[in-house]
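What follows is one structure encoded as structure tokens, with my remarks underneath.
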2 protein chains.
Amino acid sequence: MNHEFDAIRKLFQQRVSQQDELTHVANGDDASVHIVPDGLAWVQSTDTSIVGVHCPEDMALAIAGHRAVCSALSDLAAMGAKAHWLWLAVMAKSSEDLEQMSLGMVQACLEYKIELAGGDTTSCPNTNAITVTVAGLLPENSAMTRKAAKEGDEIWLLGDMGLSALGLKLWQDESIENNAFTAKQQQALIAFQQIKPLLEQGVKLRQAGVSCCIDISDGLLQDAGHIAKASQVAMHIDVEKIQALPAFVIIQRLEPALALSLMLQGSEDYALLCTAPTSLHQTLKKMGASLIGSCHAGNRVILLEYGEPITFEQKGFDHFE
Amino acid sequence: MNHEFDAIRKLFQQRVSQQDELTHVANGDDASVHIVPDGLAWVQSTDTSIVGVHCPEDMALAIAGHRAVCSALSDLAAMGAKAHWLWLAVMAKSSEDLEQMSLGMVQACLEYKIELAGGDTTSCPNTNAITVTVAGLLPENSAMTRKAAKEGDEIWLLGDMGLSALGLKLWQDESIENNAFTAKQQQALIAFQQIKPLLEQGVKLRQAGVSCCIDISDGLLQDAGHIAKASQVAMHIDVEKIQALPAFVIIQRLEPALALSLMLQGSEDYALLCTAPTSLHQTLKKMGASLIGSCHAGNRVILLEYGEPITFEQKGFDHFE
């Protein structure tokens, strides 16, 4: 239906030529066919990124493409799955825009060794958008879910937080001229542009015996709220522990007034938030995770400062229970 | 990110509540998890439908939603897979539009007993679009593909052709006033609006031993060309057999000048085109398939009229080799 895109679709397929050994029928037929070895389960998620909605309209399309793929892969990381395959549905205003988006998508596929198993490119007069469906495998009954937190579990964080939200803020700050960013500001801008799905870390958490995990795409408080609701536990987050994280120190130097808000509500860092029994304390510490709280009776998120509940006066917090 | 849609997403999930017995982690976590029994393979395809591009801007959004799901399911039919799961990524201009599209999508899920395993709804200021990812299962090494046609195979057609393209033509014909359609015209308009993926027939073809199949989404000649290229066979199509099909008789009465073109190039009928050795002749006949040609040495589509090659002077035909 969109013949002008045929040549580029070929470019796509030729650039991501690796084929998973479990693929029986690859890209190019009505559907692709994949073998799932005995004892493994199929894990799948889908996500849409619209340019101008999920990322700024003035972001390079190659970066938008890379972010779309990496953000989808983060969902597999949160389950503890090994990523294998990817299906792309790309709507592009022009073949030039498609070409630009494809550069970033292809790069992400190569970076994380994902097979492009299928897809669809469509001309759309007024929207650039990418829907990414990702699939991976893990041993049956081992997936990390949101509903597996238990009272007495400790709450751990793996990966940086707040920097991506700070990067977006800097991106939107028109008072800063181009090239006038400091090194620390650059670090935040890079965090915003280069999403890093913690795929290896997710697999390691699962292998270590962690059964409850979520990736922080909507901000720590909101995503902790998803666990609280699904698991029916109270998630007690210790603010002083958040303030001791390395990312907080960077952010506080740049934006002291907003630092805590960026850490608690900043989105799109794709860190992993998990809970685990105290028997896994040493294991998680060795993996580089940071302890930030503990699970108790209840079903909402509670912020504590040195053991005393505090209120965090930001719009939206009341909705996280 | 789009909180206004949360209520509707719930409506979605509540309406399509059936859960496949092979699903371990259902919709609502970072990803869903599915068991694939030993000896079965996973089959998957993804397709985007943009309102105004893939269907008319003035089509009811519920019908657009239904068509998007059914058109994606047709790819599983062409592989011979049993359909199990579906992931939806919906971009909607407003929550009203999302609600309308969801009605048709939900109806299709219920009609074909598909579990809604995941999805994403996004507000997009200027585009209504649906990306549907479908997955099913079939015994390992049994998928029907485009590359399995052999010289000596007969070419068979299962399902109607041409009516959908005629329906689109009538839809666009502003000279016909509303409610002035004849019964036969209504039949074409319904064919255009209500895509019927031939899922049961696809499974039966595979079980009967057919190994080469495609669904006709881009028109008979173009899709036959896909088989010719992938299998490296010449697809000889007998025009007099096409002209004996029941759909041709209807179309010829309504649009005599365009009848053959609608049959050969009309898109979106989602009939199944397959090839099979002569040993399966009686089986396919009993299934209601129509014999329309045979496979020979070569690698393109050739039209014949009572055994003599003819040229079909329509734009695009030269590209089908």
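Ordering of the structure tokens sets the chain letters (A, B, ...); residue numbers start at 1 within each chain; ligands are numbered from 1 in the order shown.
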Determine which residues of chain A sit within 8 Å of chain B, taking into account only C-alpha atoms, and present them as a ChimeraX atom specification. /A:1,24,29-38,40-48,50,53,75-76,78-79,87-89,118-120,122,124,126-127,131,133,140-141,143,145-146,214-215,218
Considering only alpha helix (DSSP H) as DSSP defines it on the backbone, what residues of segment 131-278 of chain B qualify? List them as a count of residues only. 63
Looking only at strand (DSSP E) from DSSP on the backbone, list the matching residues of segment 50-198 of chain A as a count of residues only. 37
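When only C-alpha atoms are used to compute distances to Gly307 of chain B, the closest of the residues B:Ala257, B:Met287, B:Glu240, B:Leu166 turns out to be B:Glu240.
Here atom CA of Asp223 of chain A stands at a distance of 9.4 Å from atom CA of Gln265 of chain A.
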Using only C-alpha atoms, which protein or nucleic acid residues come within 10 Å of segment 109-114 of chain B? Drop anything in the same chain fewer than 3 positions from it, and give the result as a ChimeraX atom specification. /B:15-20,66,69-70,73,82-86,104-106,117,134-136,197,199-200
What's the 7 Å shell around Asp269 of chain A, counting only C-alpha atoms, without same-chain residues fewer than 6 positions away, as a PyMOL selection string? chain A and resi 160-162+164+216-217
Using only N, CA and C atoms, please write the residues we just selected to a file, as a PDB file, in the first residue's frame.
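Dumped everything to again27.pdb:
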```
ATOM      1  N   ASP A 160      19.989   4.593  37.818  1.00  0.00           N
ATOM      2  CA  ASP A 160      19.866   5.997  38.219  1.00  0.00           C
ATOM      3  C   ASP A 160      18.431   6.501  38.117  1.00  0.00           C
ATOM      4  N   MET A 161      18.148   7.529  38.898  1.00  0.00           N
ATOM      5  CA  MET A 161      16.820   8.135  38.844  1.00  0.00           C
ATOM      6  C   MET A 161      16.922   9.642  38.823  1.00  0.00           C
ATOM      7  N   GLY A 162      15.942  10.295  38.221  1.00  0.00           N
ATOM      8  CA  GLY A 162      15.864  11.747  38.282  1.00  0.00           C
ATOM      9  C   GLY A 162      16.619  12.454  37.167  1.00  0.00           C
ATOM     10  N   SER A 164      16.957  11.762  33.960  1.00  0.00           N
ATOM     11  CA  SER A 164      16.226  11.900  32.697  1.00  0.00           C
ATOM     12  C   SER A 164      15.235  13.066  32.772  1.00  0.00           C
ATOM     13  N   ILE A 216      10.847   1.771  36.287  1.00  0.00           N
ATOM     14  CA  ILE A 216      10.323   3.089  36.650  1.00  0.00           C
ATOM     15  C   ILE A 216      10.195   3.940  35.403  1.00  0.00           C
ATOM     16  N   SER A 217       9.023   3.884  34.790  1.00  0.00           N
ATOM     17  CA  SER A 217       8.805   4.701  33.604  1.00  0.00           C
ATOM     18  C   SER A 217       7.968   5.928  33.935  1.00  0.00           C
TER      19      SER A 217
END
```
Point-to-point distance in Å for atom CA of Gly65 of chain B and atom CA of Gln13 of chain B: 15.5 Å
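Across the model, the gap from atom CA of Asp238 of chain A to atom CA of Lys150 of chain A is 17.6 Å.
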